[in-house]
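S.K.: Below you will find the structure I want to go over with you.
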2 protein chains.
Amino acid sequence: MTDEERPRRRQARGERRIEEILTAAAGVFAATGYEAATTNAIAAAAGISPGSLYQFFKNKEAIAQALADRFVVQMRAAHQEAFGAVGFAALDLDEMLDRMIDPIVAFNVANPGFKALFARPDMPPGLAEAARPIQAALLGRVEQVLVARAPGLGEDERRRMARVLIQIFQAMVPLVTAAEGDERTAAVVELKKVLRGYLAPVAG
Amino acid sequence: MTDEERPRRRQARGERRIEEILTAAAGVFAATGYEAATTNAIAAAAGISPGSLYQFFKNKEAIAQALADRFVVQMRAAHQEAFGAVGFAALDLDEMLDRMIDPIVAFNVANPGFKALFARPDMPPGLAEAARPIQAALLGRVEQVLVARAPGLGEDERRRMARVLIQIFQAMVPLVTAAEGDERTAAVVELKKVLRGYLAPVAG
DNA sequence: GGAGAATACGAGCGAATACTCGTATTCGCA
DNA sequence: TGCGAATACGAGTATTCGCTCGTATTCTCC
């Protein structure tokens, strides 16, 4: 009970290093996945020694955790942009989908490391926990949209639909990010068609 | 160039062992994924020693490979059942979906190890190769259905739609297998709704 | 029943890897 | 300018895990 972990006072250099490490880690995680990413590889990618890595992070999981925190901030912004608009429920279905989908697609395209970390089964348990609040918030947002646009739905059905919508979206993300240019645009169009086809009968 | 790998003559006991090992491996892979599954754990689950394991399989990947082969046989049967019916394209869309989806869902429910092995990013490269023919065959089948039901589609568009359909299906499988009883039935209904909504505009 | 092959065992080897430790250097600040 | 803290290093440690090897047992077939 004596090994208090006094948080050390960081220098500006240290703060910079932390950012460098996280950026390097994002790349390594994205390229190889969590388990296969070695801490030495992350250190090398950040241009520092393994020992230095552990000046800033307690262990490998802490790196992923911090990276997750960084993602969460950006993800929240993307969600805000996607769901924050007012007078949202009165829009045309297609336009609503555009406004909802585009920012989140953009986030996923800009942060390939995100899915690599969060969508993989070799993710450490602590990370799964970190992802839960975002996931729950997203589910809530989607449910709210359904409340507004399909008031006739029962609670269970609404929840189920929200889950399906999110699942579909997440499934299509790799198809979108894997493609380039026109292919990617086409993939996004297909994604919207899928969601539209599923939503139209109840929320047209 | 002298270390020929003469295939040894198996006894009945050995054949049984192989089956036991594969069944045990399916369970361990399903529970923990490929990388995290240790060969010692598989041996223990099969009730044999690590040494004995290697009497029957050259290495860990060979176990996965053989397991994959076993899955492929059953998967092909499920595909045959799903797509083999005659006069298929003339059916009502809903009924067609029933016939296509149910066998493949049943296969996935009956073989939880399948997705655990094939859908994970930590899959060894050899396995990915083994999965490709099935994937390609499935894609071809779906495209054939689209040819019959939506003849107006261009080739690119058809291919894209087939990919999307498969992606959606695979995304929904975890939602289905994770659920039980009525929940599962409901999940399958939703899955069909999604596919129907996507297909109806072009293949109604 | 006996010879040779197949099966079985499990301690332990070798490589990979997360992480440490002793030491050297640089920074913040009075 | 000098002192304590932060940063940096990288060889070394402890552990995990795929796999081997020497040996013992059981099966097949004559």
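Going by the structure tokens order, chains are called A, B, ..., each with residues numbered from 1, while ligands are numbered from 1 in the order shown.
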For DG4 of chain D, work out the shell of residues within 12 Å, counting only C-alpha atoms (C1' of nucleotides) and skipping chain neighbours fewer than 3 positions away, then give it as a PyMOL selection string.
M.R.: chain C and resi 27-30
S.K.: Those same residues - C-alpha atoms (C1' of nucleotides) - I'd like them written as a tab-separated table (two decimals), in the first residue's frame.
M.R.:
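Listing of part.tsv after writing:
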chain	number	residue	atom	x	y	z
C	27	DC	C1'	16.32	20.32	-19.08
C	28	DG	C1'	14.01	23.59	-15.70
C	29	DC	C1'	14.82	26.69	-12.37
C	30	DA	C1'	16.81	29.33	-8.58
S.K.: Can you build me a table of chain B residues sitting at most 9 Å from chain C, with the closest atom pair per residue and its distance in Å to one decimal, using only C-alpha atoms (C1' of nucleotides), sorted by chain and residue number, as CSV?
M.R.:
residue,atom,partner,partner_atom,distance
B:Arg8,CA,C:DA6,C1',8.5
B:Arg9,CA,C:DA6,C1',8.0
B:Arg10,CA,C:DA6,C1',7.2
B:Gln11,CA,C:DA6,C1',7.0
B:Arg13,CA,C:DT7,C1',8.2
B:Gly14,CA,C:DT7,C1',7.4
B:Ile48,CA,C:DA8,C1',8.0
B:Ser49,CA,C:DC9,C1',6.3
B:Pro50,CA,C:DG10,C1',7.7
B:Gly51,CA,C:DC9,C1',6.8
B:Ser52,CA,C:DA8,C1',5.9
B:Gln55,CA,C:DT7,C1',7.9
S.K.: Only C-alpha atoms, please: the residues just picked out, written as an mmCIF file, in the first residue's frame.
M.R.:
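Saved the output as part-v4.cif:
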data_model
loop_
_atom_site.group_PDB
_atom_site.id
_atom_site.type_symbol
_atom_site.label_atom_id
_atom_site.label_comp_id
_atom_site.auth_asym_id
_atom_site.auth_seq_id
_atom_site.Cartn_x
_atom_site.Cartn_y
_atom_site.Cartn_z
ATOM 1 C CA ARG B 8 2.837 -42.183 -42.685
ATOM 2 C CA ARG B 9 0.330 -44.983 -42.684
ATOM 3 C CA ARG B 10 -2.326 -44.070 -40.103
ATOM 4 C CA GLN B 11 -4.003 -46.502 -37.773
ATOM 5 C CA ARG B 13 -6.674 -44.859 -33.577
ATOM 6 C CA GLY B 14 -4.736 -42.109 -35.270
ATOM 7 C CA ILE B 48 -3.253 -35.624 -25.165
ATOM 8 C CA SER B 49 0.288 -34.395 -24.643
ATOM 9 C CA PRO B 50 1.905 -31.639 -26.720
ATOM 10 C CA GLY B 51 4.228 -34.207 -28.219
ATOM 11 C CA SER B 52 1.354 -36.342 -29.432
ATOM 12 C CA GLN B 55 2.545 -36.721 -34.356
#
S.K.: Report as a CSV table (one decimal) with N, CA and C atoms, in the first residue's frame the set of chain A residues whose atoms approach chain B to within 9 Å, with distances computed over only C-alpha atoms.
M.R.:
chain,number,residue,atom,x,y,z
A,32,THR,N,-0.4,-3.8,-38.1
A,32,THR,CA,-0.2,-5.2,-37.6
A,32,THR,C,-1.2,-5.7,-36.7
A,33,GLY,N,-2.1,-4.8,-36.1
A,33,GLY,CA,-3.0,-5.3,-35.1
A,33,GLY,C,-2.3,-5.2,-33.7
A,35,GLU,N,-2.0,-7.3,-30.9
A,35,GLU,CA,-1.1,-8.4,-30.4
A,35,GLU,C,0.3,-8.4,-31.2
A,36,ALA,N,0.2,-8.3,-32.5
A,36,ALA,CA,1.4,-8.5,-33.3
A,36,ALA,C,2.3,-7.2,-33.2
A,120,ARG,N,-10.8,-5.2,-33.5
A,120,ARG,CA,-10.1,-6.5,-33.5
A,120,ARG,C,-10.4,-7.2,-32.3
A,121,PRO,N,-10.4,-8.5,-32.4
A,121,PRO,CA,-10.7,-9.4,-31.3
A,121,PRO,C,-9.5,-9.5,-30.3
A,122,ASP,N,-8.3,-9.1,-30.8
A,122,ASP,CA,-7.2,-9.3,-29.9
A,122,ASP,C,-6.9,-8.0,-29.1
A,160,ARG,N,-33.4,-2.8,-31.4
A,160,ARG,CA,-32.8,-3.8,-32.3
A,160,ARG,C,-32.5,-3.1,-33.6
A,161,MET,N,-33.3,-2.2,-34.1
A,161,MET,CA,-33.0,-1.6,-35.4
A,161,MET,C,-31.7,-0.7,-35.2
A,163,ARG,N,-29.2,-1.2,-33.3
A,163,ARG,CA,-28.1,-2.1,-33.3
A,163,ARG,C,-27.8,-2.5,-34.7
A,164,VAL,N,-28.8,-2.9,-35.4
A,164,VAL,CA,-28.6,-3.3,-36.8
A,164,VAL,C,-27.9,-2.2,-37.7
A,167,GLN,N,-24.3,-1.9,-36.8
A,167,GLN,CA,-23.6,-3.1,-37.3
A,167,GLN,C,-23.3,-3.0,-38.8
A,168,ILE,N,-24.4,-2.6,-39.5
A,168,ILE,CA,-24.2,-2.5,-40.9
A,168,ILE,C,-23.2,-1.4,-41.3
A,170,GLN,N,-20.7,-0.3,-39.5
A,170,GLN,CA,-19.4,-0.8,-39.2
A,170,GLN,C,-18.9,-1.8,-40.1
A,171,ALA,N,-19.8,-2.6,-40.6
A,171,ALA,CA,-19.4,-3.7,-41.6
A,171,ALA,C,-18.9,-3.0,-42.9
A,172,MET,N,-19.6,-1.9,-43.2
A,172,MET,CA,-19.3,-1.3,-44.5
A,172,MET,C,-18.0,-0.4,-44.5
A,175,LEU,N,-15.1,-1.7,-46.4
A,175,LEU,CA,-15.3,-1.7,-47.8
A,175,LEU,C,-15.0,-0.2,-48.3
A,186,ALA,N,-18.3,5.3,-54.6
A,186,ALA,CA,-19.4,4.4,-54.9
A,186,ALA,C,-19.7,3.5,-53.7
A,187,ALA,N,-18.7,3.2,-52.9
A,187,ALA,CA,-19.0,2.3,-51.7
A,187,ALA,C,-19.8,3.1,-50.7
A,190,GLU,N,-23.4,3.0,-51.9
A,190,GLU,CA,-24.0,1.7,-51.5
A,190,GLU,C,-24.3,1.6,-50.1
A,191,LEU,N,-23.4,2.1,-49.2
A,191,LEU,CA,-23.7,2.1,-47.8
A,191,LEU,C,-25.0,2.8,-47.5
A,193,LYS,N,-27.4,3.4,-49.6
A,193,LYS,CA,-28.6,2.6,-50.1
A,193,LYS,C,-29.0,1.6,-49.2
A,194,VAL,N,-28.1,0.9,-48.6
A,194,VAL,CA,-28.4,-0.2,-47.6
A,194,VAL,C,-29.2,0.4,-46.5
A,195,LEU,N,-28.7,1.4,-45.9
A,195,LEU,CA,-29.3,2.0,-44.7
A,195,LEU,C,-30.7,2.6,-45.1
A,196,ARG,N,-30.8,3.2,-46.3
A,196,ARG,CA,-32.0,3.7,-46.8
A,196,ARG,C,-33.1,2.6,-46.9
A,197,GLY,N,-32.6,1.5,-47.6
A,197,GLY,CA,-33.6,0.4,-47.8
A,197,GLY,C,-34.1,-0.1,-46.5
A,198,TYR,N,-33.3,-0.1,-45.5
A,198,TYR,CA,-33.7,-0.7,-44.2
A,198,TYR,C,-34.6,0.3,-43.4
A,199,LEU,N,-34.3,1.6,-43.6
A,199,LEU,CA,-35.0,2.6,-42.8
A,199,LEU,C,-36.3,3.0,-43.5
A,200,ALA,N,-36.3,3.0,-44.8
A,200,ALA,CA,-37.5,3.6,-45.5
A,200,ALA,C,-38.8,3.1,-45.1
A,201,PRO,N,-39.0,1.8,-44.9
A,201,PRO,CA,-40.3,1.3,-44.5
A,201,PRO,C,-40.9,1.8,-43.2
S.K.: Mind checking DSSP for segment 8-186 of chain B and telling me the helix (DSSP H, G or I) residues as a compact mmCIF listing (two decimals) with C-alpha atoms, in the first residue's frame?
M.R.:
# COMPACT_ATOMS: atom_id res chain seq x y z
CA ALA B 12 -7.69 -46.21 -36.95
CA ARG B 13 -6.67 -44.86 -33.58
CA GLY B 14 -4.74 -42.11 -35.27
CA GLU B 15 -7.65 -41.11 -37.46
CA ARG B 16 -9.82 -40.83 -34.39
CA ARG B 17 -7.18 -38.74 -32.65
CA ILE B 18 -7.06 -36.37 -35.58
CA GLU B 19 -10.79 -35.83 -35.36
CA GLU B 20 -10.57 -35.30 -31.61
CA ILE B 21 -7.79 -32.80 -32.06
CA LEU B 22 -9.70 -30.87 -34.71
CA THR B 23 -12.81 -30.74 -32.59
CA ALA B 24 -10.81 -29.57 -29.60
CA ALA B 25 -9.02 -27.01 -31.76
CA ALA B 26 -12.32 -25.67 -33.07
CA GLY B 27 -13.37 -25.01 -29.50
CA VAL B 28 -10.12 -23.36 -28.48
CA PHE B 29 -9.94 -21.23 -31.62
CA ALA B 30 -13.55 -20.18 -31.18
CA ALA B 31 -12.94 -19.24 -27.58
CA THR B 32 -9.69 -17.34 -27.93
CA THR B 39 -0.92 -25.58 -29.00
CA ASN B 40 -0.57 -26.88 -25.47
CA ALA B 41 -4.12 -25.73 -24.76
CA ILE B 42 -5.36 -27.55 -27.82
CA ALA B 43 -3.49 -30.68 -26.79
CA ALA B 44 -4.92 -30.44 -23.29
CA ALA B 45 -8.44 -29.91 -24.65
CA ALA B 46 -7.97 -33.00 -26.79
CA PRO B 50 1.91 -31.64 -26.72
CA GLY B 51 4.23 -34.21 -28.22
CA SER B 52 1.35 -36.34 -29.43
CA LEU B 53 -0.22 -33.35 -31.11
CA TYR B 54 2.82 -33.08 -33.34
CA GLN B 55 2.54 -36.72 -34.36
CA PHE B 56 -0.46 -35.67 -36.39
CA LYS B 60 -0.11 -24.98 -35.43
CA GLU B 61 -1.02 -23.67 -38.83
CA ALA B 62 -1.54 -27.19 -40.15
CA ILE B 63 -4.15 -27.71 -37.46
CA ALA B 64 -6.01 -24.59 -38.54
CA GLN B 65 -5.60 -25.63 -42.14
CA ALA B 66 -7.13 -29.05 -41.55
CA LEU B 67 -9.91 -27.52 -39.52
CA ALA B 68 -10.52 -25.11 -42.37
CA ASP B 69 -10.77 -28.02 -44.79
CA ARG B 70 -13.39 -29.60 -42.57
CA PHE B 71 -15.34 -26.35 -42.49
CA VAL B 72 -15.05 -25.93 -46.23
CA VAL B 73 -16.82 -29.23 -46.83
CA GLN B 74 -19.74 -28.25 -44.63
CA MET B 75 -19.79 -24.73 -45.98
CA ARG B 76 -20.00 -26.01 -49.52
CA ALA B 77 -22.95 -28.12 -48.52
CA ALA B 78 -24.65 -25.10 -46.98
CA HIS B 79 -24.02 -23.09 -50.12
CA GLN B 80 -25.38 -25.89 -52.24
CA GLU B 81 -28.49 -25.95 -50.13
CA ALA B 82 -28.76 -22.19 -50.27
CA PHE B 83 -28.21 -21.68 -53.96
CA LEU B 93 -38.12 -12.00 -53.05
CA ASP B 94 -38.93 -12.85 -49.45
CA GLU B 95 -39.05 -16.53 -50.14
CA MET B 96 -35.83 -16.40 -52.07
CA LEU B 97 -34.15 -14.71 -49.14
CA ASP B 98 -35.46 -17.37 -46.80
CA ARG B 99 -34.00 -20.11 -48.93
CA MET B 100 -30.68 -18.35 -49.33
CA ILE B 101 -30.17 -17.13 -45.81
CA ASP B 102 -31.45 -19.92 -43.60
CA PRO B 103 -28.96 -22.65 -44.50
CA ILE B 104 -25.98 -20.35 -44.23
CA VAL B 105 -27.19 -18.95 -40.94
CA ALA B 106 -27.69 -22.49 -39.71
CA PHE B 107 -24.15 -23.37 -40.67
CA ASN B 108 -22.74 -20.39 -38.83
CA VAL B 109 -24.80 -21.11 -35.75
CA ALA B 110 -23.70 -24.73 -35.75
CA PRO B 112 -19.03 -20.98 -34.03
CA GLY B 113 -15.39 -21.81 -34.70
CA PHE B 114 -15.79 -20.95 -38.34
CA LYS B 115 -16.10 -17.22 -38.02
CA ALA B 116 -13.62 -17.27 -35.17
CA LEU B 117 -11.01 -18.68 -37.51
CA PHE B 118 -11.85 -17.04 -40.80
CA PRO B 125 -1.74 -16.18 -44.45
CA GLY B 126 -2.18 -19.76 -45.58
CA LEU B 127 -5.65 -19.81 -44.12
CA ALA B 128 -6.67 -16.65 -45.86
CA GLU B 129 -5.75 -18.41 -49.06
CA ALA B 130 -7.87 -21.41 -48.12
CA ALA B 131 -10.82 -19.13 -47.52
CA ARG B 132 -10.49 -17.38 -50.84
CA PRO B 133 -12.08 -20.08 -53.03
CA ILE B 134 -15.14 -20.26 -50.82
CA GLN B 135 -15.41 -16.53 -50.77
CA ALA B 136 -15.00 -16.36 -54.53
CA ALA B 137 -17.58 -19.08 -55.06
CA LEU B 138 -20.02 -17.32 -52.80
CA LEU B 139 -19.49 -14.07 -54.63
CA GLY B 140 -20.12 -15.86 -57.92
CA ARG B 141 -23.32 -17.42 -56.64
CA VAL B 142 -24.66 -14.13 -55.46
CA GLU B 143 -23.74 -12.49 -58.74
CA GLN B 144 -25.58 -15.21 -60.61
CA VAL B 145 -28.67 -14.49 -58.57
CA LEU B 146 -28.34 -10.82 -59.43
CA VAL B 147 -27.93 -11.63 -63.11
CA ALA B 148 -31.21 -13.50 -63.00
CA ARG B 149 -33.17 -11.05 -60.91
CA GLU B 155 -21.17 -5.64 -64.43
CA ASP B 156 -19.41 -3.32 -62.01
CA GLU B 157 -22.58 -2.43 -60.22
CA ARG B 158 -23.54 -6.07 -59.96
CA ARG B 159 -20.19 -7.01 -58.50
CA ARG B 160 -20.36 -4.15 -56.05
CA MET B 161 -23.84 -5.16 -54.93
CA ALA B 162 -22.78 -8.75 -54.47
CA ARG B 163 -19.90 -7.65 -52.29
CA VAL B 164 -22.16 -5.45 -50.23
CA LEU B 165 -24.69 -8.23 -49.75
CA ILE B 166 -22.03 -10.61 -48.53
CA GLN B 167 -20.51 -8.00 -46.27
CA ILE B 168 -23.87 -7.24 -44.71
CA PHE B 169 -24.58 -10.87 -44.19
CA GLN B 170 -21.28 -11.49 -42.51
CA ALA B 171 -21.69 -8.43 -40.34
CA MET B 172 -25.04 -9.66 -39.10
CA VAL B 173 -23.87 -13.16 -38.30
CA PRO B 174 -22.40 -12.20 -34.91
CA LEU B 175 -25.64 -10.46 -34.01
CA VAL B 176 -27.46 -13.68 -34.85
CA THR B 177 -25.12 -16.12 -33.16
CA ALA B 178 -24.77 -13.94 -30.07
CA GLY B 181 -34.06 -18.28 -28.96
CA ASP B 182 -36.54 -15.55 -29.83
CA GLU B 183 -33.83 -12.93 -29.93
CA ARG B 184 -32.03 -14.94 -32.55
CA THR B 185 -35.15 -15.37 -34.63
CA ALA B 186 -35.72 -11.64 -34.47
S.K.: With the cut-off set at 12 Å and counting only C-alpha atoms (C1' of nucleotides), tabulate each residue of chain D with an atom at most that distance from an atom of chain A, showing the nearest atom pair and its distance in Å to one decimal, ordered by chain and increasing number, as JSON lines.
M.R.:
{"residue": "D:DA5", "atom": "C1'", "partner": "A:Arg9", "partner_atom": "CA", "distance": 8.7}
{"residue": "D:DA6", "atom": "C1'", "partner": "A:Gln11", "partner_atom": "CA", "distance": 7.0}
{"residue": "D:DT7", "atom": "C1'", "partner": "A:Gly14", "partner_atom": "CA", "distance": 7.4}
{"residue": "D:DA8", "atom": "C1'", "partner": "A:Ser52", "partner_atom": "CA", "distance": 5.9}
{"residue": "D:DC9", "atom": "C1'", "partner": "A:Ser49", "partner_atom": "CA", "distance": 6.3}
{"residue": "D:DG10", "atom": "C1'", "partner": "A:Ser49", "partner_atom": "CA", "distance": 7.0}
{"residue": "D:DA11", "atom": "C1'", "partner": "A:Gly51", "partner_atom": "CA", "distance": 10.7}
{"residue": "D:DG12", "atom": "C1'", "partner": "A:Gly51", "partner_atom": "CA", "distance": 11.9}
S.K.: Using atom CA of Ala89 of chain A and atom CA of Val189 of chain B as the two end points, give the distance in Å to one decimal.
M.R.: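 If I compute the distance from atom CA of Ala89 of chain A to atom CA of Val189 of chain B, I get 26.0 Å.
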S.K.: How many Å lie between atom CA of Val202 of chain A and atom CA of Gly84 of chain A, rounded to one decimal?
M.R.: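 Computing the Euclidean distance for atom CA of Val202 of chain A and atom CA of Gly84 of chain A yields 22.2 Å.
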